[in-house]
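Colleague: my_file-v9.tsv (TSV, C-alpha atoms) pasted underneath:
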```
chain	number	residue	atom	x	y	z
A	1	VAL	CA	10.26	-194.01	40.29
A	2	ASP	CA	12.78	-195.36	42.77
A	3	VAL	CA	11.20	-196.88	45.90
A	4	VAL	CA	13.44	-198.45	48.55
A	5	SER	CA	11.90	-200.02	51.67
A	6	ASN	CA	14.04	-200.02	54.77
A	7	PHE	CA	13.60	-199.99	58.52
A	8	GLY	CA	15.33	-200.23	61.86
A	9	TYR	CA	13.98	-201.40	65.20
A	10	THR	CA	14.46	-201.07	68.96
A	11	ASN	CA	13.69	-203.70	71.58
A	12	LYS	CA	11.62	-202.60	74.56
A	13	CYS	CA	10.14	-204.64	77.44
A	14	PHE	CA	7.73	-207.58	77.36
A	15	GLY	CA	8.51	-208.45	73.73
A	16	GLU	CA	7.60	-204.97	72.51
A	17	VAL	CA	9.52	-203.75	69.45
A	18	VAL	CA	9.41	-200.20	68.09
A	19	PHE	CA	9.96	-200.04	64.33
A	20	GLU	CA	11.47	-197.01	62.59
A	21	ASN	CA	10.54	-196.67	58.94
A	22	ILE	CA	13.48	-195.26	56.93
A	23	SER	CA	12.15	-196.03	53.46
A	24	THR	CA	13.00	-193.61	50.63
A	25	ILE	CA	11.41	-192.66	47.32
A	26	ASN	CA	12.44	-190.56	44.33
A	27	GLY	CA	10.15	-189.23	41.63
A	28	ASP	CA	6.88	-189.89	43.48
A	29	GLU	CA	5.20	-189.91	46.88
A	30	ILE	CA	4.62	-192.84	49.18
A	31	ASP	CA	1.04	-194.04	49.22
A	32	SER	CA	1.09	-196.85	51.79
A	33	TYR	CA	3.09	-199.18	53.96
A	34	SER	CA	2.42	-202.83	54.73
A	35	TRP	CA	4.18	-204.70	57.54
A	36	ASP	CA	4.23	-208.46	58.02
A	37	PHE	CA	5.70	-209.46	61.39
A	38	SER	CA	5.74	-213.20	60.52
A	39	ASP	CA	3.86	-214.12	63.69
A	40	GLY	CA	0.37	-213.55	62.30
A	41	GLY	CA	0.52	-209.82	62.93
A	42	TYR	CA	0.27	-207.05	60.35
A	43	SER	CA	0.26	-203.26	60.29
A	44	THR	CA	-0.20	-200.39	57.83
A	45	GLU	CA	1.26	-197.74	60.14
A	46	GLU	CA	4.39	-195.88	59.12
A	47	ASN	CA	6.21	-196.58	62.38
A	48	PRO	CA	4.38	-199.39	64.16
A	49	VAL	CA	4.92	-200.83	67.62
A	50	HIS	CA	4.45	-204.60	67.79
A	51	VAL	CA	4.44	-207.01	70.72
A	52	PHE	CA	5.83	-210.49	70.03
A	53	ASP	CA	4.80	-213.48	72.11
A	54	SER	CA	8.21	-215.14	72.26
A	55	PRO	CA	11.84	-213.98	72.39
A	56	LYS	CA	13.34	-215.26	69.13
A	57	ASP	CA	14.22	-214.23	65.57
A	58	TYR	CA	11.43	-213.13	63.21
A	59	ASN	CA	11.60	-212.40	59.48
A	60	VAL	CA	9.80	-209.07	59.32
A	61	SER	CA	8.81	-207.65	55.92
A	62	LEU	CA	8.00	-204.08	54.93
A	63	THR	CA	6.38	-203.25	51.60
A	64	THR	CA	6.32	-199.62	50.46
A	65	VAL	CA	3.93	-198.59	47.66
A	66	SER	CA	4.11	-195.29	45.75
A	67	LYS	CA	1.12	-193.30	44.51
A	68	LYS	CA	1.96	-194.43	40.96
A	69	GLY	CA	1.76	-198.07	42.03
A	70	CYS	CA	5.44	-198.85	42.27
A	71	SER	CA	6.43	-201.03	45.24
A	72	HIS	CA	9.42	-202.52	46.99
A	73	THR	CA	9.64	-205.11	49.78
A	74	VAL	CA	12.46	-205.65	52.23
A	75	THR	CA	12.71	-208.50	54.70
A	76	LYS	CA	14.96	-208.35	57.73
A	77	GLN	CA	15.63	-210.64	60.64
A	78	VAL	CA	14.40	-209.04	63.82
A	79	SER	CA	15.83	-210.49	67.05
A	80	VAL	CA	13.36	-210.04	69.87
A	81	ARG	CA	15.31	-209.74	73.09
A	82	TYR	CA	14.74	-212.31	75.83
A	83	PHE	CA	11.94	-211.50	78.20
A	84	PRO	CA	10.86	-213.81	81.01
A	85	LYS	CA	7.52	-215.30	81.88
A	86	LEU	CA	8.20	-215.63	85.58
A	87	VAL	CA	7.01	-218.73	87.39
A	88	ILE	CA	7.08	-219.27	91.16
A	89	SER	CA	7.60	-222.85	92.31
A	90	GLU	CA	4.59	-224.84	93.48
A	91	LEU	CA	4.11	-225.36	97.20
A	92	ASP	CA	1.71	-227.66	99.02
A	93	PRO	CA	-0.29	-226.21	101.93
A	94	ILE	CA	2.00	-225.67	104.91
A	95	CYS	CA	1.54	-225.67	108.66
A	96	LYS	CA	1.29	-222.44	110.61
A	97	ASP	CA	4.70	-220.85	111.32
A	98	LYS	CA	6.57	-223.59	109.41
A	99	THR	CA	9.54	-222.41	107.33
A	100	PHE	CA	9.16	-222.75	103.54
A	101	THR	CA	10.98	-221.65	100.40
A	102	LEU	CA	9.64	-220.17	97.15
A	103	ASP	CA	11.84	-220.05	94.03
A	104	VAL	CA	11.25	-217.83	91.02
A	105	GLU	CA	12.18	-219.29	87.63
A	106	GLY	CA	12.65	-217.76	84.19
A	107	ALA	CA	14.42	-214.53	85.08
A	108	GLU	CA	17.39	-213.46	82.97
A	109	ASP	CA	20.85	-213.86	84.49
A	110	GLY	CA	21.88	-210.70	86.28
A	111	SER	CA	18.33	-209.71	87.23
A	112	SER	CA	17.60	-208.16	90.61
A	113	PHE	CA	14.67	-209.27	92.75
A	114	ARG	CA	12.23	-207.91	95.30
A	115	TRP	CA	9.81	-210.11	97.24
A	116	TYR	CA	6.94	-208.53	99.14
A	117	THR	CA	3.45	-209.06	100.50
A	118	ASP	CA	0.48	-206.74	100.99
A	119	ALA	CA	1.67	-206.21	104.56
A	120	GLU	CA	5.47	-206.24	104.22
A	121	ASP	CA	7.82	-204.83	101.60
A	122	ASN	CA	11.23	-206.02	100.44
A	123	ILE	CA	11.35	-209.23	102.50
A	124	SER	CA	14.00	-210.73	100.20
A	125	THR	CA	16.25	-209.60	97.34
A	126	ASN	CA	17.25	-213.12	96.21
A	127	SER	CA	15.80	-215.32	93.49
A	128	HIS	CA	14.30	-217.37	96.32
A	129	LEU	CA	12.35	-216.50	99.44
A	130	THR	CA	12.70	-218.46	102.68
A	131	THR	CA	10.24	-217.41	105.39
A	132	SER	CA	7.31	-218.59	107.48
A	133	ALA	CA	3.68	-217.53	107.71
A	134	SER	CA	0.98	-217.61	110.35
A	135	GLU	CA	-1.87	-217.29	107.84
A	136	THR	CA	-2.59	-217.79	104.16
A	137	THR	CA	-0.57	-215.11	102.34
A	138	LEU	CA	-0.16	-213.83	98.78
A	139	TYR	CA	3.53	-213.38	97.89
A	140	TYR	CA	4.75	-211.17	95.04
A	141	VAL	CA	8.12	-211.13	93.29
A	142	GLU	CA	9.45	-208.37	91.06
A	143	ALA	CA	12.40	-209.11	88.75
A	144	THR	CA	14.28	-206.27	87.06
A	145	ASP	CA	16.55	-207.29	84.18
A	146	LEU	CA	19.75	-205.59	83.00
A	147	HIS	CA	17.74	-203.41	80.59
A	148	GLY	CA	15.56	-202.02	83.38
A	149	CYS	CA	12.51	-204.04	82.39
A	150	VAL	CA	10.39	-205.13	85.36
A	151	TYR	CA	8.50	-208.43	85.41
A	152	ASN	CA	6.16	-209.78	88.09
A	153	ALA	CA	4.72	-213.01	89.43
A	154	GLN	CA	2.69	-213.97	92.47
A	155	LYS	CA	1.86	-217.07	94.49
A	156	THR	CA	-0.63	-217.75	97.26
A	157	VAL	CA	0.77	-219.84	100.10
A	158	VAL	CA	-2.02	-221.69	101.91
A	159	VAL	CA	-1.37	-221.99	105.65
A	160	LYS	CA	-3.13	-224.66	107.66
A	161	THR	CA	-3.80	-224.18	111.35
A	162	PRO	CA	-2.58	-227.03	113.57
A	163	PRO	CA	-5.11	-229.58	114.79
A	164	VAL	CA	-6.79	-229.20	118.16
A	165	VAL	CA	-5.86	-232.38	119.99
A	166	SER	CA	-7.53	-233.48	123.21
A	167	ILE	CA	-7.53	-236.53	125.49
A	168	ASP	CA	-10.70	-237.90	127.03
A	169	GLY	CA	-10.69	-240.20	130.06
A	170	PRO	CA	-11.16	-240.28	133.80
A	171	GLU	CA	-9.18	-237.82	135.85
A	172	GLN	CA	-9.35	-239.78	139.09
A	173	VAL	CA	-9.17	-243.54	139.65
A	174	CYS	CA	-8.65	-245.98	142.48
A	175	SER	CA	-5.31	-247.71	142.87
A	176	GLY	CA	-4.99	-250.71	140.58
A	177	SER	CA	-7.70	-249.54	138.17
A	178	THR	CA	-7.24	-249.88	134.43
A	179	VAL	CA	-8.45	-246.92	132.34
A	180	ILE	CA	-8.76	-246.08	128.66
A	181	LEU	CA	-7.57	-242.71	127.42
A	182	SER	CA	-8.82	-241.59	123.99
A	183	ALA	CA	-7.13	-238.94	121.84
A	184	SER	CA	-9.01	-237.02	119.15
A	185	GLY	CA	-8.63	-234.07	116.79
A	186	ALA	CA	-5.89	-235.45	114.48
A	187	ASN	CA	-5.34	-238.26	111.99
A	188	ASN	CA	-2.35	-239.95	113.61
A	189	PHE	CA	-1.17	-240.16	117.18
A	190	LYS	CA	1.96	-241.01	119.15
A	191	TRP	CA	1.77	-241.43	122.91
A	192	ILE	CA	4.93	-240.02	124.45
A	193	GLY	CA	6.97	-242.52	126.47
A	194	THR	CA	5.23	-245.53	124.91
A	195	GLU	CA	5.16	-247.42	121.63
A	196	GLU	CA	1.43	-246.77	121.21
A	197	THR	CA	0.37	-245.05	118.00
A	198	GLY	CA	-3.38	-245.48	118.09
A	199	SER	CA	-5.98	-243.03	119.29
A	200	ASN	CA	-6.60	-245.08	122.44
A	201	ILE	CA	-4.26	-246.24	125.17
A	202	VAL	CA	-4.94	-248.56	128.10
A	203	VAL	CA	-3.07	-247.68	131.29
A	204	THR	CA	-2.95	-248.76	134.94
A	205	PRO	CA	-1.30	-245.92	136.82
A	206	ALA	CA	0.16	-246.73	140.22
A	207	THR	CA	0.53	-243.08	141.17
A	208	GLU	CA	-0.57	-239.76	139.75
A	209	GLN	CA	0.50	-239.71	136.12
A	210	THR	CA	0.37	-237.19	133.27
A	211	TYR	CA	-0.04	-238.73	129.82
A	212	LYS	CA	0.97	-236.84	126.68
A	213	VAL	CA	0.09	-237.46	123.03
A	214	ILE	CA	1.28	-235.89	119.75
A	215	GLY	CA	-1.35	-235.60	117.02
A	216	THR	CA	-0.56	-235.12	113.33
A	217	ASP	CA	-3.09	-234.16	110.65
A	218	ASN	CA	-3.06	-234.95	106.91
A	219	PHE	CA	-0.92	-231.86	106.20
A	220	GLY	CA	1.75	-232.89	108.71
A	221	CYS	CA	0.70	-230.21	111.19
A	222	ILE	CA	1.38	-231.21	114.78
A	223	ALA	CA	-0.24	-230.47	118.14
A	224	GLU	CA	0.11	-231.94	121.62
A	225	ALA	CA	-2.25	-232.65	124.48
A	226	GLU	CA	-1.87	-233.98	127.99
A	227	HIS	CA	-4.13	-235.54	130.57
A	228	THR	CA	-3.44	-236.10	134.26
A	229	VAL	CA	-4.88	-239.07	136.13
A	230	LYS	CA	-4.86	-238.90	139.90
A	231	VAL	CA	-4.69	-242.22	141.77
A	232	HIS	CA	-6.45	-242.67	145.14
A	233	PRO	CA	-5.81	-245.60	147.50
A	234	ARG	CA	-8.60	-248.10	147.81
A	235	PRO	CA	-10.43	-248.07	151.15
A	236	GLU	CA	-9.38	-250.76	153.64
```
As structure tokens, what does this structure read like?
Modeller:
Amino acid sequence: VDVVSNFGYTNKCFGEVVFENISTINGDEIDSYSWDFSDGGYSTEENPVHVFDSPKDYNVSLTTVSKKGCSHTVTKQVSVRYFPKLVISELDPICKDKTFTLDVEGAEDGSSFRWYTDAEDNISTNSHLTTSASETTLYYVEATDLHGCVYNAQKTVVVKTPPVVSIDGPEQVCSGSTVILSASGANNFKWIGTEETGSNIVVTPATEQTYKVIGTDNFGCIAEAEHTVKVHPRPE
């Protein structure tokens, strides 16, 4: 009995490999096949399909056994074609309508890209996406390699609404009066036209004056507020 194990293979997408059994036998019939994919996987199918976890070389063995108990084993190096595990760059929460960039990593050179959201399709065809958002949005990227295999990744961009900044204080004072204006609604403040950076400012307006403050929260989101103080002359 002459048993000769042999096989070929074809790479597909996502690490999938289709094996073609081309074993031969003379003087008997084949009873069974046994495949060892050298990654912990096995099969007894004649023409198995196996999915490998990583794109690299594997020493795959095929053992063919005849009905009379004769056997033959062949081992071949199987090169699993590169396939990406796409990763989109991390991004801290952003402020409403602020421009940001997402980069996709891991795609094979020469791949084409399509970025989209649930509300908008094909917003970029680059390996990166530069845009802005008014609300928290889930972004998807689709990468198609030179073999036509399509891989996907997604990333949620958290959008923070700007703080609501306000100024409390009197709106009308007598000439020469000193007043305290207090800003609230943010973590840090800058009073425009002054060096003051606290939440409170002490002023003595000589004439009607509008005071403005910029408030910044912990995410760097900015909002402004203003407060007008009217000045009345003191009675004689």
Colleague: Env of stretch 102-109 of chain A: 7 Å cut, atoms = only C-alpha atoms, seq-sep filter 5 positions within chain, self excluded. Answer as a PDB file with C-alpha atoms, keeping the file's coordinate frame.
Modeller:
```
ATOM      1  CA  PRO A  84      10.860-213.810  81.010  1.00  0.00           C
ATOM      2  CA  LYS A  85       7.520-215.300  81.880  1.00  0.00           C
ATOM      3  CA  LEU A  86       8.200-215.630  85.580  1.00  0.00           C
ATOM      4  CA  VAL A  87       7.010-218.730  87.390  1.00  0.00           C
ATOM      5  CA  ILE A  88       7.080-219.270  91.160  1.00  0.00           C
ATOM      6  CA  SER A  89       7.600-222.850  92.310  1.00  0.00           C
ATOM      7  CA  SER A 127      15.800-215.320  93.490  1.00  0.00           C
ATOM      8  CA  HIS A 128      14.300-217.370  96.320  1.00  0.00           C
ATOM      9  CA  LEU A 129      12.350-216.500  99.440  1.00  0.00           C
ATOM     10  CA  THR A 130      12.700-218.460 102.680  1.00  0.00           C
ATOM     11  CA  ALA A 143      12.400-209.110  88.750  1.00  0.00           C
ATOM     12  CA  ASP A 145      16.550-207.290  84.180  1.00  0.00           C
TER      13      ASP A 145
END
```
Colleague: For A:Thr63, which of A:Asp168, A:Phe100, A:Trp115, A:Asn21 is the closest residue, counting all atoms listed in the file?
Modeller: A:Asn21
Colleague: Of the residues A:Cys70, A:Val164, A:Ala186, A:Ile123, which is the one nearest to A:Gly220, using all atoms listed in the file?
Modeller: A:Ala186
Colleague: Measuring between only C-alpha atoms, which one of A:Tyr33, A:Phe19, A:Phe189, A:Tyr151 shows the shortest distance to A:Ser5?
Modeller: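 Once distances to A:Ser5 are computed over only C-alpha atoms, the minimum belongs to A:Tyr33.
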Colleague: Figure out the distance between atom CA of A:His147 and atom CA of A:Lys56, please, to one decimal in Å.
Modeller: 17.1 Å
Colleague: Compare A:Ala225, A:Ile30, A:Ile25, A:Val203 by their minimum atom-to-atom distance to A:Ser184, counting only C-alpha atoms, and give me the closest one.
Modeller: A:Ala225
Colleague: Report the distance between atom CA of A:Glu195 and atom CA of A:His232 in Å, rounded to one decimal place.
Modeller: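 Straight-line distance from atom CA of A:Glu195 to atom CA of A:His232 works out to 26.6 Å.
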Colleague: Between stretch 70-189 of chain A and stretch 34-37 of chain A, at 12 Å or less, what are the per-residue closest atom pairs and their distances in Å? Count only C-alpha atoms, order by chain and rising residue number, and return it as JSON lines.
Modeller:
```
{"residue": "A:Ser71", "atom": "CA", "partner": "A:Ser34", "partner_atom": "CA", "distance": 10.5}
{"residue": "A:His72", "atom": "CA", "partner": "A:Ser34", "partner_atom": "CA", "distance": 10.4}
{"residue": "A:Thr73", "atom": "CA", "partner": "A:Ser34", "partner_atom": "CA", "distance": 9.0}
{"residue": "A:Val74", "atom": "CA", "partner": "A:Trp35", "partner_atom": "CA", "distance": 9.9}
{"residue": "A:Thr75", "atom": "CA", "partner": "A:Asp36", "partner_atom": "CA", "distance": 9.1}
{"residue": "A:Lys76", "atom": "CA", "partner": "A:Phe37", "partner_atom": "CA", "distance": 10.0}
{"residue": "A:Gln77", "atom": "CA", "partner": "A:Phe37", "partner_atom": "CA", "distance": 10.0}
{"residue": "A:Val78", "atom": "CA", "partner": "A:Phe37", "partner_atom": "CA", "distance": 9.0}
{"residue": "A:Ser79", "atom": "CA", "partner": "A:Phe37", "partner_atom": "CA", "distance": 11.6}
{"residue": "A:Val80", "atom": "CA", "partner": "A:Phe37", "partner_atom": "CA", "distance": 11.4}
```
Colleague: What does the structure give for the distance between atom CA of A:Phe83 and atom CA of A:Asp121, in Å to one decimal?
Modeller: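 Taking atom CA of A:Phe83 as the start and atom CA of A:Asp121 as the end point, the length is 24.7 Å.
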Colleague: Please provide the set of residues having any atom within 7 Å of stretch 136-141 of chain A, restricted to only C-alpha atoms, with same-chain residues fewer than 6 positions apart removed, written as a list in words.
Modeller: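 The residues satisfying every condition are Phe113, Arg114, Trp115, Tyr116, Thr117, Asn152, Ala153, Gln154, Lys155, Thr156, Val157, Val158 and Val159 of chain A.
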Colleague: Restricting it to C-alpha atoms, dump the selection as an mmCIF file, in the coordinates of the input.
Modeller:
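And here's result_6.cif as it stands now:
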```cif
data_model
loop_
_atom_site.group_PDB
_atom_site.id
_atom_site.type_symbol
_atom_site.label_atom_id
_atom_site.label_comp_id
_atom_site.auth_asym_id
_atom_site.auth_seq_id
_atom_site.Cartn_x
_atom_site.Cartn_y
_atom_site.Cartn_z
ATOM 1 C CA PHE A 113 14.670 -209.270 92.750
ATOM 2 C CA ARG A 114 12.230 -207.910 95.300
ATOM 3 C CA TRP A 115 9.810 -210.110 97.240
ATOM 4 C CA TYR A 116 6.940 -208.530 99.140
ATOM 5 C CA THR A 117 3.450 -209.060 100.500
ATOM 6 C CA ASN A 152 6.160 -209.780 88.090
ATOM 7 C CA ALA A 153 4.720 -213.010 89.430
ATOM 8 C CA GLN A 154 2.690 -213.970 92.470
ATOM 9 C CA LYS A 155 1.860 -217.070 94.490
ATOM 10 C CA THR A 156 -0.630 -217.750 97.260
ATOM 11 C CA VAL A 157 0.770 -219.840 100.100
ATOM 12 C CA VAL A 158 -2.020 -221.690 101.910
ATOM 13 C CA VAL A 159 -1.370 -221.990 105.650
#
```
Colleague: May I have the residues within 10 Å of stretch 212-215 of chain A as a PyMOL selection string, using all atoms listed in the file and disregarding those fewer than 2 positions away in the same chain?
Modeller: chain A and resi 162-167+182-194+196-197+199+209-210+217+220-228
Colleague: Is it possible to get the residues within 10 Å of (3.7, -192.1, 59.7) (coordinates as in the file, counting only C-alpha atoms) written as a list in words?
Modeller: Glu20, Asn21, Ser32, Tyr33, Thr44, Glu45, Glu46, Asn47 and Pro48 of chain A
Colleague: Between A:Pro205, A:Glu142, A:Ser175, A:Val51, which is the closest to A:Asn122 once you count only C-alpha atoms?
Modeller: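 Ranked by minimum distance to A:Asn122, first place goes to A:Glu142.
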